[in-house]
>>> print(open('start.cif').read())   # mmCIF, C-alpha atoms
data_target
loop_
_atom_site.label_atom_id
_atom_site.label_comp_id
_atom_site.auth_asym_id
_atom_site.auth_seq_id
_atom_site.Cartn_x
_atom_site.Cartn_y
_atom_site.Cartn_z
CA MET A 183 7.96 -44.12 63.12
CA THR A 184 11.63 -44.20 63.91
CA TYR A 185 14.27 -45.64 61.64
CA ILE A 186 18.01 -45.58 61.18
CA PRO A 187 19.19 -42.22 59.75
CA ILE A 188 20.61 -42.58 56.29
CA ASN A 189 24.22 -42.46 57.44
CA VAL A 190 24.94 -45.05 54.80
CA ALA A 191 24.13 -42.48 52.11
CA LYS A 192 26.82 -40.24 53.53
CA ALA A 193 29.24 -43.13 53.48
CA TRP A 194 28.28 -44.09 49.91
CA LEU A 195 29.18 -40.78 48.40
CA PHE A 196 32.14 -39.93 50.53
CA ALA A 197 33.50 -43.29 49.34
CA CYS A 198 32.72 -42.09 45.82
CA PHE A 199 34.79 -38.97 46.41
CA LEU A 200 37.69 -40.74 48.08
CA ILE A 201 38.03 -43.59 45.63
CA PHE A 202 37.18 -41.80 42.41
CA ALA A 203 39.00 -38.51 42.73
CA ALA A 204 42.59 -39.71 42.35
CA PRO A 205 42.07 -42.15 39.45
CA VAL A 206 40.16 -39.53 37.47
CA LEU A 207 43.21 -37.33 37.13
CA ALA A 208 45.48 -40.27 36.40
CA GLN A 209 43.32 -41.10 33.37
CA ASP A 210 43.98 -37.77 31.65
CA GLY A 211 40.95 -36.04 33.15
CA THR A 212 42.83 -32.75 33.21
CA ILE A 213 41.25 -29.94 35.20
CA TYR A 214 41.06 -26.54 33.47
CA PRO A 215 39.88 -23.20 34.86
CA LEU A 216 36.47 -22.09 33.66
CA LYS A 217 34.70 -18.78 33.90
CA ALA A 218 31.42 -19.17 35.74
CA PRO A 219 28.66 -19.52 33.14
CA ALA A 220 25.61 -17.29 33.19
CA GLU A 221 22.68 -18.89 34.99
CA PRO A 222 19.88 -16.43 34.21
CA LYS A 223 17.08 -18.79 35.27
CA ALA A 224 18.67 -19.91 38.54
CA ILE A 225 16.47 -19.08 41.52
CA PRO A 226 18.21 -18.50 44.89
CA LEU A 227 16.77 -20.77 47.58
CA GLY A 228 17.83 -18.56 50.49
CA THR A 229 18.93 -21.43 52.69
CA GLY A 230 22.00 -19.68 54.05
CA GLY A 231 25.72 -20.26 53.65
CA VAL A 232 28.34 -22.81 54.63
CA ASP A 233 30.14 -22.62 57.96
CA GLY A 234 33.86 -22.11 57.53
CA GLN A 235 33.58 -21.44 53.80
CA LYS A 236 35.94 -18.60 52.96
CA ALA A 237 36.45 -19.32 49.25
CA PRO A 238 34.04 -18.02 46.60
CA GLU A 239 32.16 -20.31 44.24
CA THR A 240 34.40 -21.21 41.31
CA TRP A 241 34.10 -23.40 38.22
CA PHE A 242 36.40 -25.74 36.35
CA ARG A 243 36.18 -28.03 33.34
CA GLN A 244 37.01 -31.72 33.36
CA TRP A 245 36.27 -34.36 30.72
CA GLY A 246 34.78 -31.47 28.74
CA ASP A 247 32.10 -30.85 31.39
CA PRO A 248 31.59 -27.73 33.54
CA MET A 249 31.90 -28.33 37.27
CA ALA A 250 31.16 -26.02 40.19
CA ARG A 251 32.78 -26.12 43.62
CA ASN A 252 32.71 -24.18 46.90
CA ILE A 253 29.00 -23.57 46.44
CA SER A 254 27.68 -21.71 49.46
CA SER A 255 24.38 -20.40 48.03
CA ALA A 256 21.91 -22.98 46.75
CA THR A 257 19.82 -22.37 43.62
CA LEU A 258 17.13 -24.13 41.63
CA THR A 259 16.99 -23.85 37.83
CA PRO A 260 13.74 -24.78 36.06
CA PHE A 261 13.70 -26.56 32.70
CA LEU A 262 10.07 -26.47 31.64
CA PRO A 263 8.46 -28.44 28.80
CA ALA A 264 7.33 -26.70 25.62
CA PRO A 265 3.79 -25.28 25.77
CA GLY A 266 1.22 -28.01 25.30
CA LYS A 267 3.67 -30.81 26.05
CA ALA A 268 3.66 -30.78 29.85
CA ASN A 269 2.18 -33.81 31.60
CA GLY A 270 2.24 -32.34 35.12
CA THR A 271 5.10 -34.43 36.46
CA ALA A 272 8.08 -32.68 38.05
CA VAL A 273 11.55 -33.98 38.89
CA ILE A 274 14.24 -32.45 41.09
CA VAL A 275 17.64 -33.30 39.56
CA ALA A 276 20.62 -33.55 41.92
CA PRO A 277 24.07 -33.68 40.24
CA GLY A 278 26.95 -35.54 41.86
CA GLY A 279 30.55 -34.81 42.80
CA GLY A 280 31.25 -36.31 46.21
CA PHE A 281 29.63 -33.29 47.93
CA ARG A 282 32.78 -31.31 47.01
CA TRP A 283 31.83 -30.23 43.47
CA LEU A 284 28.86 -30.61 41.12
CA SER A 285 28.87 -32.01 37.60
CA MET A 286 26.41 -29.38 36.47
CA ASP A 287 25.99 -30.33 32.81
CA ASN A 288 26.56 -34.09 32.59
CA GLU A 289 24.40 -34.85 35.63
CA GLY A 290 22.27 -31.72 35.74
CA TRP A 291 21.37 -29.58 32.77
CA GLU A 292 21.57 -32.36 30.16
CA VAL A 293 19.33 -34.60 32.23
CA ALA A 294 16.86 -31.78 32.88
CA LYS A 295 16.63 -30.99 29.17
CA ALA A 296 15.98 -34.66 28.38
CA LEU A 297 13.20 -34.75 30.97
CA ALA A 298 11.64 -31.52 29.65
CA ASP A 299 11.63 -33.05 26.16
CA GLN A 300 9.44 -35.79 27.62
CA GLY A 301 6.95 -33.29 29.04
CA ILE A 302 8.38 -33.34 32.57
CA ALA A 303 9.13 -30.12 34.44
CA ALA A 304 12.73 -30.59 35.60
CA PHE A 305 14.55 -28.56 38.24
CA VAL A 306 18.33 -28.71 38.66
CA LEU A 307 19.32 -28.33 42.29
CA LYS A 308 22.68 -26.65 42.82
CA TYR A 309 23.10 -27.53 46.47
CA ARG A 310 25.66 -26.33 48.97
CA LEU A 311 28.97 -28.18 49.18
CA HIS A 312 31.73 -28.91 51.63
CA PRO A 313 34.73 -26.59 51.15
CA THR A 314 37.71 -27.30 48.90
CA PRO A 315 40.97 -25.29 48.56
CA GLU A 316 40.41 -21.85 47.03
CA SER A 317 43.08 -21.93 44.31
CA LEU A 318 42.68 -24.33 41.41
CA ASP A 319 46.29 -25.51 41.77
CA ASP A 320 45.75 -26.32 45.44
CA PHE A 321 42.50 -28.07 44.54
CA LYS A 322 44.32 -30.19 41.94
CA ALA A 323 47.01 -31.10 44.45
CA TRP A 324 44.39 -31.96 47.04
CA MET A 325 42.56 -34.14 44.51
CA GLU A 326 45.76 -35.99 43.62
CA GLN A 327 46.62 -36.90 47.19
CA PRO A 328 46.79 -40.69 47.61
CA ARG A 329 43.82 -42.05 49.50
CA THR A 330 43.83 -45.55 50.87
CA SER A 331 40.82 -47.82 50.81
CA PRO A 332 39.93 -49.88 53.89
CA ALA A 333 41.91 -53.12 54.06
CA ALA A 334 40.05 -56.23 52.98
CA SER A 335 38.89 -58.43 55.82
CA SER A 336 40.04 -62.03 56.04
CA ASN A 337 36.70 -62.94 57.61
CA THR A 338 34.53 -64.13 54.73
CA THR A 339 31.35 -63.69 56.77
CA GLN A 340 31.81 -59.91 56.56
CA ARG A 341 32.18 -59.58 52.80
CA THR A 342 28.66 -58.23 52.30
CA THR A 343 29.19 -55.43 54.82
CA PRO A 344 32.31 -53.43 53.86
CA PRO A 345 33.75 -51.01 56.43
CA ARG A 346 32.14 -47.58 56.32
CA PRO A 347 34.30 -44.58 55.43
CA PRO A 348 34.00 -41.31 57.38
CA GLN A 349 30.50 -39.84 57.24
CA LEU A 350 29.53 -36.40 56.02
CA ASP A 351 27.02 -34.04 57.55
CA LEU A 352 24.26 -33.60 54.94
CA SER A 353 22.07 -31.18 56.89
CA ASN A 354 22.78 -28.29 54.49
CA GLN A 355 22.09 -30.43 51.45
CA LEU A 356 18.84 -31.77 52.90
CA GLU A 357 17.73 -28.23 53.74
CA ASP A 358 18.43 -27.23 50.12
CA ALA A 359 16.42 -30.17 48.76
CA GLU A 360 13.52 -29.34 51.07
CA ALA A 361 13.62 -25.69 49.98
CA ALA A 362 13.57 -26.77 46.33
CA TYR A 363 10.55 -28.98 46.95
CA ALA A 364 8.76 -26.19 48.83
CA LEU A 365 9.42 -23.73 45.98
CA ILE A 366 7.97 -26.15 43.43
CA LEU A 367 4.86 -26.54 45.59
CA LYS A 368 4.53 -22.77 45.89
CA ARG A 369 4.81 -22.16 42.15
CA ALA A 370 3.16 -25.36 40.99
CA LYS A 371 0.31 -23.62 39.18
CA GLU A 372 2.70 -21.28 37.36
CA TRP A 373 4.93 -24.17 36.30
CA GLY A 374 2.12 -26.60 35.47
CA VAL A 375 3.10 -29.09 38.15
CA ASP A 376 0.85 -31.72 39.71
CA THR A 377 1.91 -31.52 43.38
CA GLY A 378 1.19 -35.23 43.82
CA ARG A 379 3.73 -36.16 41.16
CA ILE A 380 6.99 -34.54 42.26
CA GLY A 381 9.93 -36.93 42.19
CA MET A 382 13.68 -36.67 42.59
CA ILE A 383 16.61 -38.28 40.82
CA GLY A 384 20.29 -37.93 41.58
CA PHE A 385 23.66 -39.11 40.36
CA SER A 386 26.44 -40.47 42.59
CA ALA A 387 26.49 -37.99 45.50
CA GLY A 388 23.18 -36.68 44.16
CA ALA A 389 21.85 -40.24 44.46
CA GLY A 390 22.94 -40.21 48.08
CA LEU A 391 21.14 -36.90 48.64
CA THR A 392 18.03 -38.30 46.92
CA MET A 393 18.07 -41.30 49.26
CA HIS A 394 18.79 -39.10 52.26
CA ALA A 395 15.79 -36.90 51.41
CA ALA A 396 13.49 -39.87 50.83
CA LEU A 397 14.38 -41.48 54.14
CA ASN A 398 14.88 -38.49 56.41
CA SER A 399 12.91 -35.46 55.25
CA LYS A 400 9.86 -34.51 57.29
CA THR A 401 8.54 -32.10 54.64
CA MET A 402 9.16 -33.74 51.26
CA LYS A 403 6.52 -36.18 50.02
CA LEU A 404 8.27 -37.49 46.94
CA ALA A 405 6.15 -39.49 44.50
CA PHE A 406 9.17 -41.47 43.29
CA ILE A 407 12.96 -41.48 43.43
CA GLY A 408 15.72 -42.45 41.01
CA PRO A 409 19.15 -42.94 42.59
CA ILE A 410 21.51 -43.37 39.61
CA TYR A 411 24.86 -45.07 40.34
CA GLY A 412 24.64 -44.40 44.05
CA GLY A 413 25.69 -46.63 46.93
CA MET A 414 24.14 -50.07 47.26
CA GLY A 415 24.31 -50.68 51.01
CA PRO A 416 21.21 -51.71 52.99
CA VAL A 417 18.96 -49.12 54.64
CA GLU A 418 15.97 -49.15 56.96
CA VAL A 419 12.98 -48.13 54.86
CA PRO A 420 10.07 -46.14 56.34
CA LYS A 421 6.53 -47.22 55.54
CA ASN A 422 5.87 -44.11 53.46
CA ALA A 423 8.98 -44.47 51.27
CA PRO A 424 8.38 -43.72 47.57
CA PRO A 425 8.77 -46.21 44.70
CA MET A 426 12.37 -46.42 43.51
CA PHE A 427 14.07 -46.80 40.12
CA ASN A 428 17.71 -47.74 40.64
CA VAL A 429 20.60 -47.97 38.16
CA ILE A 430 24.23 -49.04 38.45
CA ALA A 431 26.85 -50.83 36.32
CA THR A 432 28.86 -53.88 37.35
CA ASP A 433 32.12 -52.03 36.64
CA ASP A 434 31.18 -49.17 38.98
CA PHE A 435 33.35 -49.21 42.10
CA LEU A 436 30.28 -48.41 44.20
CA PHE A 437 28.58 -51.67 43.20
CA ARG A 438 30.96 -54.24 44.70
CA GLY A 439 28.41 -57.03 44.26
CA GLN A 440 25.98 -55.47 46.73
CA PHE A 441 22.19 -55.42 46.45
CA GLY A 442 21.42 -54.17 49.95
CA VAL A 443 19.31 -51.12 49.11
CA ILE A 444 17.28 -53.12 46.58
CA ASP A 445 16.71 -55.88 49.11
CA SER A 446 15.69 -53.31 51.73
CA TRP A 447 13.08 -51.76 49.42
CA TYR A 448 11.78 -55.17 48.36
CA LYS A 449 11.42 -56.45 51.93
CA ALA A 450 9.62 -53.23 52.89
CA GLY A 451 7.01 -53.96 50.21
CA ILE A 452 7.72 -50.71 48.33
CA PRO A 453 7.79 -50.89 44.50
CA VAL A 454 11.35 -51.06 43.21
CA GLU A 455 12.91 -51.48 39.78
CA PHE A 456 16.61 -52.25 39.48
CA HIS A 457 18.83 -52.17 36.38
CA LEU A 458 22.30 -53.70 36.75
CA TYR A 459 24.18 -52.96 33.55
CA GLN A 460 27.15 -54.90 32.23
CA ASN A 461 29.24 -51.78 31.77
CA GLY A 462 29.20 -48.03 32.07
CA GLY A 463 31.59 -47.34 34.91
CA HIS A 464 30.80 -44.39 37.13
CA GLY A 465 29.58 -40.93 36.21
CA PHE A 466 28.07 -41.78 32.82
CA GLY A 467 25.17 -39.31 33.05
CA LEU A 468 22.80 -39.96 30.18
CA GLY A 469 25.36 -42.36 28.72
CA ASN A 470 28.73 -42.88 27.08
CA PRO A 471 29.34 -44.49 23.66
CA ASP A 472 29.22 -48.28 23.36
CA ARG A 473 28.01 -49.04 26.88
CA THR A 474 24.96 -51.08 27.80
CA SER A 475 24.03 -48.51 30.45
CA ASN A 476 23.21 -45.97 27.72
CA ARG A 477 19.58 -47.12 27.64
CA TRP A 478 18.79 -46.42 31.28
CA PHE A 479 16.92 -43.19 30.53
CA ASP A 480 14.58 -44.98 28.11
CA ALA A 481 13.94 -47.57 30.80
CA PHE A 482 13.28 -44.83 33.35
CA MET A 483 10.72 -43.16 31.11
CA HIS A 484 9.04 -46.51 30.49
CA TRP A 485 8.92 -47.13 34.25
CA LEU A 486 7.36 -43.70 34.85
CA ASN A 487 4.80 -44.36 32.14
CA VAL A 488 3.82 -47.85 33.35
CA ASN A 489 3.40 -46.52 36.88
CA LYS A 490 1.27 -43.65 35.55
CA PHE A 491 3.60 -40.96 36.86
CA VAL A 492 3.58 -39.20 33.50
CA THR A 493 -0.02 -39.78 32.49
CA PRO A 494 -1.82 -36.41 32.29
CA LYS A 495 -4.97 -36.29 34.38
CA SER A 496 -8.16 -36.40 32.37
CA GLY A 497 -9.58 -33.02 31.54
CA LYS A 498 -6.19 -31.29 31.81
#
>>> encode(input="start.cif", output="structure tokens")
Amino acid sequence: MTYIPINVAKAWLFACFLIFAAPVLAQDGTIYPLKAPAEPKAIPLGTGGVDGQKAPETWFRQWGDPMARNISSATLTPFLPAPGKANGTAVIVAPGGGFRWLSMDNEGWEVAKALADQGIAAFVLKYRLHPTPESLDDFKAWMEQPRTSPAASSNTTQRTTPPRPPQLDLSNQLEDAEAAYALILKRAKEWGVDTGRIGMIGFSAGAGLTMHAALNSKTMKLAFIGPIYGGMGPVEVPKNAPPMFNVIATDDFLFRGQFGVIDSWYKAGIPVEFHLYQNGGHGFGLGNPDRTSNRWFDAFMHWLNVNKFVTPKSGK
């Protein structure tokens, strides 16, 4: 079967980067240097480097969260459930950051720990990124550059199809996701994973990568996907697409009153659950205080349970 490549996913998250980067700093999201934390359980995926990447991987802190940029060597970090608690389900977790940095804790490690607490084997994917300036000062200046949004059209018939921003090449990121999936298959017995119940969730750019993998990978057979505050534009859905759990808030700039991806899944006859929250903004991870979106993880676990994705097989 042929279908439209998920170029829209590239547009979604590049829009996230372009629109979100400048306001973040204006709202006192000061960037501080950070020594790279130890990652003793990180497993190199061996997918190669990044063309034109001359800067080493470096870390910074923003909003109190550790972020990594200029990643040129992908890794996968397992967060396994306590002995006797595993239900066999596995989830690849893809943090976001506009494909220029990764929010490793807020959208990675914290989420993986929450999944492991529910008996799910979680795996944080630190995927390769597009280059940013080597020095932190140059990176800050680059982030603060004014970026203009596409002008609004006076033609009201086009309001549901906003202009697409420049598209990013996600071939490296897809290769990393496929390598992560293959590694989980290879070590499934060791990690207590049911190979028929491997899903993937992602946040912002990670949501775009999750969608890109679900719609374009020839090797990943995901049992379910969870794009969290990703783009909402329509896509062409293949017949073998996995069930989807989708979350976004009305005050997220990526929402813009669109329901295209939900409509696409529904019309394709693939199970889909959609939670549109009153507030939460963008980048809320597991949740921020006093926002309705804080309960999305509970809803996700309920959805997994109802669909029997976390029901241990009898006799195991």
>>> residues_around(input="start.cif", residues="Met414 (chain A)", least_positions_apart="6", cutoff="8 Å", atoms="only C-alpha atoms", output="VMD selection string")
chain A and resid 194 436 to 437 440 to 444
>>> resolve_selection(input="start.cif", expression="the PyMOL selection byres ((chain A and resi 403-408) around 7)", output="PyMOL selection string")
chain A and resi 378-384+392+396+401-402+409-410+424-428
>>> resolve_selection(input="start.cif", expression="the PyMOL selection byres ((chain A and resi 447) around 10)", output="mmCIF file with C-alpha atoms, keeping the file's coordinate frame")
data_model
loop_
_atom_site.group_PDB
_atom_site.id
_atom_site.type_symbol
_atom_site.label_atom_id
_atom_site.label_comp_id
_atom_site.auth_asym_id
_atom_site.auth_seq_id
_atom_site.Cartn_x
_atom_site.Cartn_y
_atom_site.Cartn_z
ATOM 1 C CA PRO A 416 21.210 -51.710 52.990
ATOM 2 C CA VAL A 417 18.960 -49.120 54.640
ATOM 3 C CA GLU A 418 15.970 -49.150 56.960
ATOM 4 C CA VAL A 419 12.980 -48.130 54.860
ATOM 5 C CA PRO A 420 10.070 -46.140 56.340
ATOM 6 C CA ALA A 423 8.980 -44.470 51.270
ATOM 7 C CA PRO A 424 8.380 -43.720 47.570
ATOM 8 C CA PRO A 425 8.770 -46.210 44.700
ATOM 9 C CA MET A 426 12.370 -46.420 43.510
ATOM 10 C CA GLY A 442 21.420 -54.170 49.950
ATOM 11 C CA VAL A 443 19.310 -51.120 49.110
ATOM 12 C CA ILE A 444 17.280 -53.120 46.580
ATOM 13 C CA ASP A 445 16.710 -55.880 49.110
ATOM 14 C CA SER A 446 15.690 -53.310 51.730
ATOM 15 C CA TYR A 448 11.780 -55.170 48.360
ATOM 16 C CA LYS A 449 11.420 -56.450 51.930
ATOM 17 C CA ALA A 450 9.620 -53.230 52.890
ATOM 18 C CA GLY A 451 7.010 -53.960 50.210
ATOM 19 C CA ILE A 452 7.720 -50.710 48.330
ATOM 20 C CA PRO A 453 7.790 -50.890 44.500
ATOM 21 C CA VAL A 454 11.350 -51.060 43.210
ATOM 22 C CA GLU A 455 12.910 -51.480 39.780
#
>>> closest_atom_pairs(input="start.cif", of="region 271-304 of chain A", to="region 242-265 of chain A", cutoff="7 Å", atoms="all atoms listed in the file", output="Markdown table")
| residue | atom | partner | partner_atom | distance |
| --- | --- | --- | --- | --- |
| A:Arg282 | CA | A:Arg251 | CA | 6.2 |
| A:Trp283 | CA | A:Arg251 | CA | 4.2 |
| A:Leu284 | CA | A:Ala250 | CA | 5.2 |
| A:Ser285 | CA | A:Met249 | CA | 4.8 |
| A:Met286 | CA | A:Met249 | CA | 5.6 |
| A:Asp287 | CA | A:Pro248 | CA | 6.2 |
| A:Asn288 | CA | A:Asp247 | CA | 6.5 |
| A:Ala294 | CA | A:Phe261 | CA | 6.1 |
| A:Lys295 | CA | A:Phe261 | CA | 6.4 |
| A:Ala298 | CA | A:Pro263 | CA | 4.5 |
| A:Asp299 | CA | A:Pro263 | CA | 6.2 |
| A:Gly301 | CA | A:Pro263 | CA | 5.1 |
| A:Ile302 | CA | A:Pro263 | CA | 6.2 |
| A:Ala303 | CA | A:Leu262 | CA | 4.7 |
| A:Ala304 | CA | A:Phe261 | CA | 5.1 |
>>> closest_residue(input="start.cif", among="A:Arg473, A:Lys308, A:His484, A:Lys217", to="Gly388 (chain A)", atoms="only C-alpha atoms")
A:Lys308
>>> atom_distance(input="start.cif", atom1="CA of Ala395 (chain A)", atom2="CA of Gly290 (chain A)")
17.7 Å
>>> atom_distance(input="start.cif", atom1="CA of Gln355 (chain A)", atom2="CA of His312 (chain A)")
9.8 Å
>>> resolve_selection(input="start.cif", expression="the PyMOL selection byres ((chain A and resi 385) around 8)", output="number ranges by chain")
A: 276-278, 289, 383-384, 386-390, 409-412, 465, 467
>>> closest_residue(input="start.cif", among="A:Glu239, A:Glu292, A:Asp351, A:Glu221", to="Leu468 (chain A)", atoms="all atoms listed in the file")
A:Glu292
>>> atom_distance(input="start.cif", atom1="CA of Ile366 (chain A)", atom2="CA of Val232 (chain A)")
23.5 Å
>>> closest_residue(input="start.cif", among="A:Leu458, A:Leu297, A:Leu352, A:Ala218", to="Gly270 (chain A)", atoms="all atoms listed in the file")
A:Leu297
>>> residues_around(input="start.cif", residues="Ser317 (chain A)", least_positions_apart="2", cutoff="12 Å", atoms="all atoms listed in the file", output="ChimeraX atom specification")
/A:214-215,236-242,251-252,313-315,319-324
>>> write_last_selection(input="start.cif", atoms="C-alpha atoms", output="JSON list (two decimals), in the frame of the given file")
[["chain", "number", "residue", "atom", "x", "y", "z"],
["A", 214, "TYR", "CA", 41.06, -26.54, 33.47],
["A", 215, "PRO", "CA", 39.88, -23.20, 34.86],
["A", 236, "LYS", "CA", 35.94, -18.60, 52.96],
["A", 237, "ALA", "CA", 36.45, -19.32, 49.25],
["A", 238, "PRO", "CA", 34.04, -18.02, 46.60],
["A", 239, "GLU", "CA", 32.16, -20.31, 44.24],
["A", 240, "THR", "CA", 34.40, -21.21, 41.31],
["A", 241, "TRP", "CA", 34.10, -23.40, 38.22],
["A", 242, "PHE", "CA", 36.40, -25.74, 36.35],
["A", 251, "ARG", "CA", 32.78, -26.12, 43.62],
["A", 252, "ASN", "CA", 32.71, -24.18, 46.90],
["A", 313, "PRO", "CA", 34.73, -26.59, 51.15],
["A", 314, "THR", "CA", 37.71, -27.30, 48.90],
["A", 315, "PRO", "CA", 40.97, -25.29, 48.56],
["A", 319, "ASP", "CA", 46.29, -25.51, 41.77],
["A", 320, "ASP", "CA", 45.75, -26.32, 45.44],
["A", 321, "PHE", "CA", 42.50, -28.07, 44.54],
["A", 322, "LYS", "CA", 44.32, -30.19, 41.94],
["A", 323, "ALA", "CA", 47.01, -31.10, 44.45],
["A", 324, "TRP", "CA", 44.39, -31.96, 47.04]]
>>> axis_aligned_box(input="start.cif", around="region 387-390 of chain A", padding_each_side="4 Å", output="lines of an AutoDock Vina configuration file")
center_x = 24.2
center_y = -38.5
center_z = 46.1
size_x = 12.6
size_y = 11.6
size_z = 11.9
>>> closest_residue(input="start.cif", among="A:Gln300, A:Leu307, A:Gly463, A:Gly413", to="Ala224 (chain A)", atoms="only C-alpha atoms")
A:Leu307
